[in-house]
Structures are given as C-alpha cells and as structure tokens.
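A.B. asks: Please read through the structure below; I'll follow up with questions.
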Amino acid sequence: MNPIVTAELTNFDNIRVTITNPHKNANYVFILVTDINHRHRIDPTSIDKKETVHVYEFKLNYELELGFEYHIAVTNIGTCVLNVNPLALLPDFDTRFYYNGDDLGVTYSHRSCKFALWAPLASSVILALDEKDYYPLKRDKHGVYRLTLNKNLKGHTYVYYVTNSGVTTKTIDPYAKASTINSGASVILDLNAYERNMNDKKLTKMNSYLDAIIYEGSVRDLTVDPSTNIKNKGKFLGLAEEKRVNKDGLPVGLDYIASLGITHLQLLPIYDFATTDEAHPQETYNWGYDPIQYFVPEGSYASKPNDPASRIEDLLTLISKVHNRGIRVVMDVVFNHVYEHLYSPFEAVVPNYYFRRLKDGNFFNASGCGNDLATERLMVRKMIIDACKWWASYYHIDGCRFDLMGLIDAETINKLREELKRINPNIILYGEGWNMISGDNLTLANSDNYLKMPNIAFFNDWYRDTVIGNLHNKEVGFGLDNVVYRQGFKEVGTGSTFNLLGHGSRFNSVDRTVNYVECHDNNTLFDKIQILRPNDTPADKLQRVSFVNSLVLFSFGIPFFHAGQEIGLSKGGDGNSYRSGDKVNMFNYALLKERMSLLETFKRDVMIRKNLQIYHSNNNKAINNNVSIYDVDNGGILLTAKTYFYRERDYHLAKIFINPSLLRLEYKENNKITIVPPMSILVEKGNKV
C-alpha cells in the first residue's frame, strides 16, 4: 500500500505529521509551503515510529498566522493540506479571536451593503451574490471577513463559500435575518420597512414573574383545526386573525386565547427549523426543536413561503395583535443543539468550534441529538445573546423559554438576562433546568444552581410528580386523590420554598418555580389521568382535569398551562407527538361547547388568582406569616391567606378549600358548614383583616 500523509496544526507553533504505511527505512524531508509560494524545510523535534504509522512533531520557533492555506510536502510521497481546524479546540482560541462587535451578518442601507462573517480558521471567504456574482472578502482583526458593496442590494440572495484547511463549503450566513425557502440562501432586506406599532403600551407593567400566567401552544396547532373559519390555517397570520369561530359560533384562535385571561402566550419554536418542508408544509409536521437559523422566522408559518419578507411581516403582525390584547409573547428557544452539526452553518464557517467534544474527540450528546452547543465558548455565547437581543428588539418578544436549559452554562444565561433587561425590563426568562450532565468545570443552568442565576425560573418536575404522580410505576399523586402526597403538596404548593418535609427546600423564592402538570412533550393531563385512573368514569376524568388545573392556579409560583389542558384535550396516549401530525396535535375547538363547564371554571379561577395579592408576592417571609395550611377530611386541605383583594381594594382572609377526593368535603367552623364538591376547589372571601 502507498504511504498516506496527513498534517495538522495542533498549536500555533506545533505541527503534527502522520504517515500511514510508511516506506521502510525512509528518511523523509518535510517542506512547509504557504499559499503565497514560500517554501522552507522543517525538521522534526520528535518522532514516534511504529510498523504501520510514523508520527512526526515539529516545534516551530514562530507562530503560523491564520488566514492562509498551508501545505506540507514530503519527499517521495507528495503534498497534503495542513489542517488548522484543531486550533479551535485550544483554550486560548477565544482570547485570540473573540469579536465583540455588533455588525456580524449584513448591514444594509439604500447606498451600500456591508458583509461581516466571523471565520478565524478560514483561508478564504467568497460571497456569492445571487449565485452569479462572486466577491472575495478581506480578512480583518479577530478573524472577521469583511466586504462592502456600494449598491442597493435589497432583495438579493447570497451565500458564502468558506475555505477551511483546503475544504471549501457553501453555507448560508449564520447571522442572516432573512432567508429563501427551506434555508436555501440568505436574503438582504430593508428590515426597517416592515416595522410597525407593536402595541407595547397595551401591556401592563409586571412587578414580578408571579404576575405571569403562561399558556403554551404551537402556531400551527392553535390554528389548523378544519372546523373553524380561520383563513390562514397553520400560519402566523392565522393566529393573528380575530372574530374567528368554530361550528358552534364559539371564539377560536386569538379571541379564544384572550378570553382565558392568561398573561403570556408561549409559542413553540418560531425561528427557522429543519424538518417541515416550507414549500409543502401540509405534507410534513414538526414542533421545531431542530433549529437551523436562529435569527430567521420559520417559513412554513408564512402566508407566502416563497417571499422572504412574508415570514417577517406576518410574525410582526401576530405579535402586534397579541400585544394589542394585553398578552405578552414568549418564544421557545433551543440553544442546546442544532438539527445537524455537519450541515450547520456554524460547522461550515468555523469547524470544531461551536459544539462540545468529549476527551476522545466525539461530540457530546447529553441532548440526545448528537451535537450539544458549546455555550461556554465566547462566540457561541455571543451568538445566543445576539439572537435573543434581536428577537427582543426587532420582534418585541417578551420572554424566552429555554429548551434543555440545564445544558447551557449559567454565565451565558446570566449575561443574557442582563442584556435583555436593558431592552425590556419586563422580560421573563425560564427553562428546563434538568441536571443532565456534570459540566467539565462548568456551572450549568440547571435548577441545582438556581442561587447562581437570579431572576431565572425553572420548570418544577417535583411539583408535577407530586400533583400527578409517577406514570412509570402507576403511583398517583395528590391531585388524583392520594392522601400520602398531601404533605408533599403543601411543600410544592407553597412554591417549593419551605422545608416542610425535612429534606430542604428546592428554591429560595416562589418566583423561581414554574408549576406545571402538562407541556407540549409527554402525555397530556387527560392522558395521564387515563393511565393513572383507568377505572374512573369519563366524567370523573374530566372533573379531575378541572380540579388539577385549579390546583396549579392556586399554588404559589408561576402557573403554566399547555393549550387544550384547560378542557382536557387528549393526544390519544401519544407521549411524544413532535412529528405525529395535525390530527394528534391540533387544538380541537369542536369540543368547546361540550366542555364549557371546564372552560368557565378555568377562566373563573384565573380571575380569582389575579385578584389575590398574595399570589403575586415573592416575599417568602410575608407568605410564611400570612398563609396557613390545615388538613381536613377526605384528604383535603384548607389554605387560608391574609391578602389584599385588588378588585375590592381591601385586605381580607381568603379561604381556599381543596378537595381531591370523590367525596364531598364538609368543613365546620363557628356553626357554619362549608360544602366543597368532589374534585374541586372552593374560594371564599372571609372577614377583613
């Protein structure tokens, strides 16, 4: 077999050459060749010879400068490209090449267009304008490649051809703000032309996260039901439509959501994602947890997917309409992984940099997607912060929900919070703080590290499991009438902040816990009840749904609901319906009429919660001093709270009777009997205090 030579730059002054199947007794001569035809001999400082592989190390007395293509020539074998990509893994790479400017991507004006791409390993970057005109970019400080074209390029498409270590890759711009269909090319637009009144003044001030009642849904799921007269089904504009109804004349879409009294609409990913064909969106389905472009809205939600401006204009219209109803918009962001790292613009532009690696060189896979983002690296952190700032400033997004936030480093989350607060003081940040890995000298944004991340809230699985139970071992929780969990509920129901069970509190204040029992993934609340209470009657199962929803609203913390949870929608037992299609995932508005009692109870309890000041307080001492909890018959609870009633403008004693059982609860006090129906919560306004 003929010898094979490979070479890599393992440090700025160190070259490693590997020869596989070397000639016997060969004494090779090595020549370093630059792309400007400079050639000089280099001699190895160490040699490791084995029968089939020789490894030569070269310690240079100078550092090689990036921005050039280097080759190694070996006598009697040939020439190979010097691979500089390993430099991206060096500890000091960020120190050398971090760029703190705010001009990455395209800066557009009617007279000129400026392009900037951070590609420190690259020897060449070529701009392809409309895939017919080609312009080389010039390397600047920190590895940023730049080009200015003095012409109006509005509406033109572009891609880059980036050469790293001799390999040229075509890629979209990772900082692009607009795109052709299915991420084919980046697009230059005059983004100022689409700005409009975003109705921010219709939003009331938030005193704390506890003012939030979050409602999660997908743009597509909320609008695609064929039984409604929504025109733009599955689209941004469909969710922006008003005065739309179902077959019974009941409000759907935005009107329905606004009628619930919720304060925040959390939308499943609305940035550009991969596995829904934007050209034929009705033929494919995905929730969108497979990101491609972090700065570009999803094209399948656009009314005109082939028009790059449509997705931008339509999304701005949607957010403006939602704001006009007094509701804030939270976007679900996925910065723990991308769709495919090999086809990602990040890997194309700066190989080896954006994704975490194990010591053996393989990709970290705590996300289950095979390519965890290295958020601790400065330019990855900058990209995350820049993207969120763009959504907050241009689209007026009011919050971020972080998918698998426990895989993001805490410093990135903290810096992001500081930056976003400058744009929107009322912004809300929360996420899945699961402790999935132990970071390599990293403090990760999991809930165990909550003290290191002020003003960040976390999904509380402890709350979920205490209220619902454990699906795996079929053990029901307090909300499904298991008195064993009553003490546990007292703890999670008061914000997981009080050490009532003797094993320590989970959080230091009630505004850190997102209380939920259902979200987009895993089974719906109704389907969980089907599993855990299979012998209940259909009516009892729906009543349990209503009771558990009330329980979430009258717990201390941030209440969170998934669309359809309020009326007990089912996915037929599909616990991971991310690509199961519209039939499984859509909001079935046809059920509104027959489940009106659940809906009215939900809306009533939302208003009651809003009226009680104690649920808006993150003062643990005040809660401890003013809230009392008592056990009552049938496994129930009486929660009393001395609280200000906003509507009444006075202080009263609120009595909240919680009855999880199939039997009615009777509470006697001062010759008065209070009767609480089975599986329900009753709220009474007591005497002034």
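Chain lettering (A, B, ...) mirrors the order of the structure tokens, residue numbering begins at 1 for each chain separately, and ligand numbering begins at 1 in order of display.
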Using only C-alpha atoms, which protein or nucleic acid residues come within 8 Å of Leu662 of chain A? Drop anything in the same chain fewer than 2 positions from it, and give the result as a VMD selection string.

C.D. replies: chain A and resid 481 660 664 678 to 679

A.B. asks: Skipping near chain neighbours, those fewer than 5 positions away, what residues fall within 12 Å of Gly495 of chain A using only C-alpha atoms, listed as a PyMOL selection string?

C.D. replies: chain A and resi 210+457-460+462-463+488-490+500+505-516+552-559+615-620+623-624

A.B. asks: Output C-alpha atoms for every residue in the selection just made, as a tab-separated table (two decimals), in the first residue's frame.

C.D. replies:
```
chain	number	residue	atom	x	y	z
A	210	LEU	CA	-45.57	35.94	39.64
A	457	ALA	CA	-37.25	30.44	36.76
A	458	PHE	CA	-37.29	26.68	36.32
A	459	PHE	CA	-39.85	24.08	35.35
A	460	ASN	CA	-40.62	22.21	38.56
A	462	TRP	CA	-41.14	17.95	41.66
A	463	TYR	CA	-44.41	19.87	41.54
A	488	GLY	CA	-45.70	16.88	49.67
A	489	PHE	CA	-48.28	19.12	48.05
A	490	LYS	CA	-48.15	21.53	50.97
A	500	LEU	CA	-41.96	21.16	55.40
A	505	SER	CA	-36.47	23.50	50.09
A	506	ARG	CA	-35.91	23.48	46.34
A	507	PHE	CA	-35.89	27.24	45.73
A	508	ASN	CA	-35.30	30.37	47.76
A	509	SER	CA	-38.33	32.31	46.48
A	510	VAL	CA	-41.63	31.39	44.89
A	511	ASP	CA	-40.88	33.26	41.65
A	512	ARG	CA	-38.30	30.61	40.73
A	513	THR	CA	-40.75	27.73	40.25
A	514	VAL	CA	-42.81	27.17	37.10
A	515	ASN	CA	-45.66	24.98	38.31
A	516	TYR	CA	-46.94	22.65	35.60
A	552	VAL	CA	-52.00	24.80	39.57
A	553	LEU	CA	-53.64	28.22	39.68
A	554	PHE	CA	-53.93	28.24	43.46
A	555	SER	CA	-50.37	27.09	44.08
A	556	PHE	CA	-47.64	29.61	44.80
A	557	GLY	CA	-45.28	30.11	41.90
A	558	ILE	CA	-45.72	30.71	38.16
A	559	PRO	CA	-48.69	28.78	36.73
A	615	TYR	CA	-50.11	35.08	44.76
A	616	HIS	CA	-48.15	37.98	43.29
A	617	SER	CA	-45.73	38.28	46.21
A	618	ASN	CA	-42.24	36.81	46.10
A	619	ASN	CA	-41.66	37.74	49.74
A	620	ASN	CA	-41.23	34.39	51.47
A	623	ILE	CA	-46.14	34.27	52.70
A	624	ASN	CA	-44.94	32.39	55.76
```

A.B. asks: Report as a VMD selection string all protein, DNA and RNA residues lying within 10 Å of Thr204 of chain A, evaluated on only C-alpha atoms, omitting residues in the same chain fewer than 6 positions from it.

C.D. replies: chain A and resid 263 326 to 328 426

A.B. asks: Let me see the file: selected residues, C-alpha atoms, as an mmCIF file, in the first residue's frame.

C.D. replies:
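Saved the output as part05.cif:
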```cif
data_model
loop_
_atom_site.group_PDB
_atom_site.id
_atom_site.type_symbol
_atom_site.label_atom_id
_atom_site.label_comp_id
_atom_site.auth_asym_id
_atom_site.auth_seq_id
_atom_site.Cartn_x
_atom_site.Cartn_y
_atom_site.Cartn_z
ATOM 1 C CA THR A 263 -50.886 36.960 30.531
ATOM 2 C CA GLY A 326 -52.722 42.772 26.586
ATOM 3 C CA ILE A 327 -50.837 39.482 26.271
ATOM 4 C CA ARG A 328 -47.067 39.117 26.147
ATOM 5 C CA ASN A 426 -40.478 43.180 31.966
#
```

A.B. asks: If we count only C-alpha atoms and set the cut-off at 6 Å, which residues sit around segment 286-294 of chain A, ignoring sequence neighbours fewer than 5 positions away in its own chain? Please answer as a PyMOL selection string.

C.D. replies: chain A and resi 269+271-274+276+338-339+578-579

A.B. asks: When DSSP works through the backbone of this structure, what residues of segment 10-104 of chain A end up as strand (DSSP E), shown as a PyMOL selection string?

C.D. replies: chain A and resi 10-11+14-20+30-33+39-42+46-49+53-59+71-74+78-83

A.B. asks: Take the residues just selected and output them with N, CA and C atoms as a compact mmCIF listing (two decimals), in the first residue's frame.

C.D. replies:
```
# COMPACT_ATOMS: atom_id res chain seq x y z
N THR A 10 -1.48 21.53 15.64
CA THR A 10 -2.03 21.23 16.96
C THR A 10 -1.90 22.40 17.91
N ASN A 11 -1.01 23.32 17.62
CA ASN A 11 -0.91 24.60 18.31
C ASN A 11 -0.35 25.59 17.30
N ASN A 14 3.07 24.42 16.52
CA ASN A 14 3.36 22.99 16.54
C ASN A 14 2.60 22.26 15.44
N ILE A 15 3.32 21.49 14.64
CA ILE A 15 2.75 20.72 13.54
C ILE A 15 2.94 19.24 13.83
N ARG A 16 1.89 18.47 13.56
CA ARG A 16 1.99 17.01 13.67
C ARG A 16 1.72 16.40 12.31
N VAL A 17 2.67 15.60 11.82
CA VAL A 17 2.53 14.90 10.55
C VAL A 17 2.45 13.41 10.83
N THR A 18 1.44 12.78 10.24
CA THR A 18 1.25 11.33 10.40
C THR A 18 1.38 10.67 9.03
N ILE A 19 2.24 9.67 8.95
CA ILE A 19 2.42 8.91 7.71
C ILE A 19 1.98 7.48 7.98
N THR A 20 0.93 7.07 7.28
CA THR A 20 0.41 5.71 7.39
C THR A 20 1.00 4.88 6.26
N PHE A 30 10.77 17.19 5.01
CA PHE A 30 9.48 17.87 5.13
C PHE A 30 9.64 19.34 4.75
N ILE A 31 8.72 19.80 3.92
CA ILE A 31 8.72 21.18 3.46
C ILE A 31 7.39 21.83 3.83
N LEU A 32 7.44 22.99 4.50
CA LEU A 32 6.24 23.77 4.79
C LEU A 32 6.02 24.75 3.65
N VAL A 33 4.84 24.70 3.05
CA VAL A 33 4.51 25.53 1.89
C VAL A 33 3.33 26.41 2.25
N ARG A 39 8.44 28.47 0.60
CA ARG A 39 8.74 27.08 0.93
C ARG A 39 10.00 27.05 1.79
N HIS A 40 9.96 26.30 2.86
CA HIS A 40 11.19 26.08 3.61
C HIS A 40 11.10 24.76 4.37
N ARG A 41 12.25 24.21 4.57
CA ARG A 41 12.33 22.89 5.21
C ARG A 41 12.11 23.04 6.71
N ILE A 42 11.38 22.06 7.26
CA ILE A 42 11.23 21.98 8.72
C ILE A 42 11.69 20.60 9.16
N SER A 46 10.50 15.54 17.33
CA SER A 46 10.32 14.19 17.90
C SER A 46 9.69 13.30 16.86
N ILE A 47 9.99 12.00 16.95
CA ILE A 47 9.47 11.02 16.00
C ILE A 47 9.00 9.80 16.79
N ASP A 48 7.79 9.35 16.47
CA ASP A 48 7.26 8.13 17.07
C ASP A 48 6.99 7.16 15.93
N LYS A 49 7.87 6.15 15.81
CA LYS A 49 7.76 5.21 14.70
C LYS A 49 7.20 3.88 15.15
N VAL A 53 2.63 3.15 11.26
CA VAL A 53 2.37 4.57 11.40
C VAL A 53 3.60 5.27 11.96
N HIS A 54 4.01 6.36 11.32
CA HIS A 54 5.04 7.25 11.85
C HIS A 54 4.39 8.59 12.18
N VAL A 55 4.68 9.11 13.38
CA VAL A 55 4.16 10.41 13.79
C VAL A 55 5.34 11.34 14.05
N TYR A 56 5.34 12.49 13.36
CA TYR A 56 6.42 13.47 13.46
C TYR A 56 5.87 14.75 14.07
N GLU A 57 6.55 15.24 15.09
CA GLU A 57 6.17 16.51 15.71
C GLU A 57 7.19 17.58 15.33
N PHE A 58 6.70 18.77 15.00
CA PHE A 58 7.56 19.88 14.59
C PHE A 58 7.26 21.08 15.49
N LYS A 59 8.20 21.45 16.32
CA LYS A 59 8.06 22.64 17.15
C LYS A 59 8.71 23.80 16.43
N HIS A 71 0.55 23.99 3.27
CA HIS A 71 0.71 22.61 2.84
C HIS A 71 2.00 22.04 3.41
N ILE A 72 2.01 20.74 3.55
CA ILE A 72 3.22 20.02 3.93
C ILE A 72 3.60 19.10 2.77
N ALA A 73 4.82 19.27 2.27
CA ALA A 73 5.34 18.39 1.21
C ALA A 73 6.32 17.41 1.82
N VAL A 74 6.16 16.14 1.47
CA VAL A 74 7.02 15.08 2.00
C VAL A 74 7.68 14.37 0.82
N GLY A 78 4.41 13.11 -1.45
CA GLY A 78 3.57 14.13 -2.05
C GLY A 78 3.24 15.23 -1.05
N THR A 79 2.15 15.94 -1.33
CA THR A 79 1.79 17.12 -0.56
C THR A 79 0.38 16.96 0.01
N CYS A 80 0.20 17.47 1.22
CA CYS A 80 -1.15 17.49 1.81
C CYS A 80 -1.39 18.85 2.44
N VAL A 81 -2.67 19.20 2.59
CA VAL A 81 -3.03 20.45 3.24
C VAL A 81 -2.77 20.35 4.73
N LEU A 82 -2.25 21.41 5.31
CA LEU A 82 -2.08 21.47 6.76
C LEU A 82 -3.43 21.83 7.38
N ASN A 83 -3.98 20.91 8.16
CA ASN A 83 -5.28 21.09 8.80
C ASN A 83 -5.13 21.99 10.02
```

A.B. asks: Name the residues of segment 184-422 of chain A that come out as alpha helix (DSSP H) in a backbone DSSP run; write them as a PyMOL selection string.

C.D. replies: chain A and resi 236-240+253-259+310-324+345-349+378-394+410-422

A.B. asks: Output C-alpha atoms for every residue in that selection, as a PDB file, in the first residue's frame.

C.D. replies:
```pdb
ATOM      1  CA  PHE A 236     -48.657  33.319  11.826  1.00  0.00           C
ATOM      2  CA  LEU A 237     -51.499  35.293  10.272  1.00  0.00           C
ATOM      3  CA  GLY A 238     -53.967  32.577  11.250  1.00  0.00           C
ATOM      4  CA  LEU A 239     -53.184  33.156  14.912  1.00  0.00           C
ATOM      5  CA  ALA A 240     -53.454  36.918  14.340  1.00  0.00           C
ATOM      6  CA  GLY A 253     -57.616  31.257  17.871  1.00  0.00           C
ATOM      7  CA  LEU A 254     -56.541  34.619  19.272  1.00  0.00           C
ATOM      8  CA  ASP A 255     -60.012  35.530  20.549  1.00  0.00           C
ATOM      9  CA  TYR A 256     -60.201  32.261  22.452  1.00  0.00           C
ATOM     10  CA  ILE A 257     -56.742  32.667  23.975  1.00  0.00           C
ATOM     11  CA  ALA A 258     -57.502  36.234  25.042  1.00  0.00           C
ATOM     12  CA  SER A 259     -60.743  35.091  26.688  1.00  0.00           C
ATOM     13  CA  SER A 310     -43.603  37.309   4.329  1.00  0.00           C
ATOM     14  CA  ARG A 311     -42.419  35.396   7.377  1.00  0.00           C
ATOM     15  CA  ILE A 312     -41.071  38.638   8.871  1.00  0.00           C
ATOM     16  CA  GLU A 313     -44.145  40.755   8.199  1.00  0.00           C
ATOM     17  CA  ASP A 314     -46.541  38.019   9.286  1.00  0.00           C
ATOM     18  CA  LEU A 315     -44.769  37.409  12.583  1.00  0.00           C
ATOM     19  CA  LEU A 316     -44.636  41.131  13.360  1.00  0.00           C
ATOM     20  CA  THR A 317     -48.376  41.293  12.674  1.00  0.00           C
ATOM     21  CA  LEU A 318     -49.032  38.367  15.009  1.00  0.00           C
ATOM     22  CA  ILE A 319     -47.020  39.791  17.914  1.00  0.00           C
ATOM     23  CA  SER A 320     -48.597  43.222  17.450  1.00  0.00           C
ATOM     24  CA  LYS A 321     -52.066  41.657  17.561  1.00  0.00           C
ATOM     25  CA  VAL A 322     -51.288  39.593  20.655  1.00  0.00           C
ATOM     26  CA  HIS A 323     -49.863  42.651  22.416  1.00  0.00           C
ATOM     27  CA  ASN A 324     -52.980  44.580  21.493  1.00  0.00           C
ATOM     28  CA  PRO A 345     -23.563  26.935   9.021  1.00  0.00           C
ATOM     29  CA  PHE A 346     -21.637  27.001  12.306  1.00  0.00           C
ATOM     30  CA  GLU A 347     -19.549  23.948  11.429  1.00  0.00           C
ATOM     31  CA  ALA A 348     -19.145  25.159   7.851  1.00  0.00           C
ATOM     32  CA  VAL A 349     -17.792  28.533   8.923  1.00  0.00           C
ATOM     33  CA  LEU A 378     -17.334  33.197  23.865  1.00  0.00           C
ATOM     34  CA  MET A 379     -18.549  33.389  20.283  1.00  0.00           C
ATOM     35  CA  VAL A 380     -21.246  30.759  20.903  1.00  0.00           C
ATOM     36  CA  ARG A 381     -22.356  32.778  23.920  1.00  0.00           C
ATOM     37  CA  LYS A 382     -22.295  35.923  21.806  1.00  0.00           C
ATOM     38  CA  MET A 383     -24.431  34.283  19.131  1.00  0.00           C
ATOM     39  CA  ILE A 384     -27.044  33.240  21.704  1.00  0.00           C
ATOM     40  CA  ILE A 385     -27.138  36.700  23.259  1.00  0.00           C
ATOM     41  CA  ASP A 386     -27.185  38.446  19.872  1.00  0.00           C
ATOM     42  CA  ALA A 387     -30.046  36.232  18.671  1.00  0.00           C
ATOM     43  CA  CYS A 388     -32.197  36.817  21.747  1.00  0.00           C
ATOM     44  CA  LYS A 389     -31.485  40.548  21.650  1.00  0.00           C
ATOM     45  CA  TRP A 390     -32.578  40.598  18.021  1.00  0.00           C
ATOM     46  CA  TRP A 391     -35.892  38.902  18.825  1.00  0.00           C
ATOM     47  CA  ALA A 392     -36.477  41.196  21.815  1.00  0.00           C
ATOM     48  CA  SER A 393     -35.610  44.415  19.989  1.00  0.00           C
ATOM     49  CA  TYR A 394     -36.936  43.815  16.461  1.00  0.00           C
ATOM     50  CA  ALA A 410     -25.033  29.642  33.846  1.00  0.00           C
ATOM     51  CA  GLU A 411     -22.779  32.544  32.856  1.00  0.00           C
ATOM     52  CA  THR A 412     -24.379  32.695  29.409  1.00  0.00           C
ATOM     53  CA  ILE A 413     -27.863  32.768  30.946  1.00  0.00           C
ATOM     54  CA  ASN A 414     -26.863  35.498  33.401  1.00  0.00           C
ATOM     55  CA  LYS A 415     -25.239  37.687  30.759  1.00  0.00           C
ATOM     56  CA  LEU A 416     -28.241  37.200  28.510  1.00  0.00           C
ATOM     57  CA  ARG A 417     -30.592  38.277  31.286  1.00  0.00           C
ATOM     58  CA  GLU A 418     -28.572  41.455  31.854  1.00  0.00           C
ATOM     59  CA  GLU A 419     -28.662  42.333  28.160  1.00  0.00           C
ATOM     60  CA  LEU A 420     -32.359  41.609  27.693  1.00  0.00           C
ATOM     61  CA  LYS A 421     -33.385  43.583  30.780  1.00  0.00           C
ATOM     62  CA  ARG A 422     -31.894  46.668  29.124  1.00  0.00           C
TER      63      ARG A 422
END
```

A.B. asks: Which one of A:Val162, A:Leu682, A:Leu471, A:Val29 sits closest to Asn522 of chain A if you count only C-alpha atoms?

C.D. replies: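 The answer is A:Leu471, which sits nearest to Asn522 of chain A.
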
A.B. asks: Near Asp631 of chain A, counting only C-alpha atoms, which residues have an atom at most 10 Å away, once you skip same-chain residues fewer than 6 positions from it, shown as JSON, numbers by chain?

C.D. replies: {"A": [486, 487, 490, 637, 638, 639, 658]}
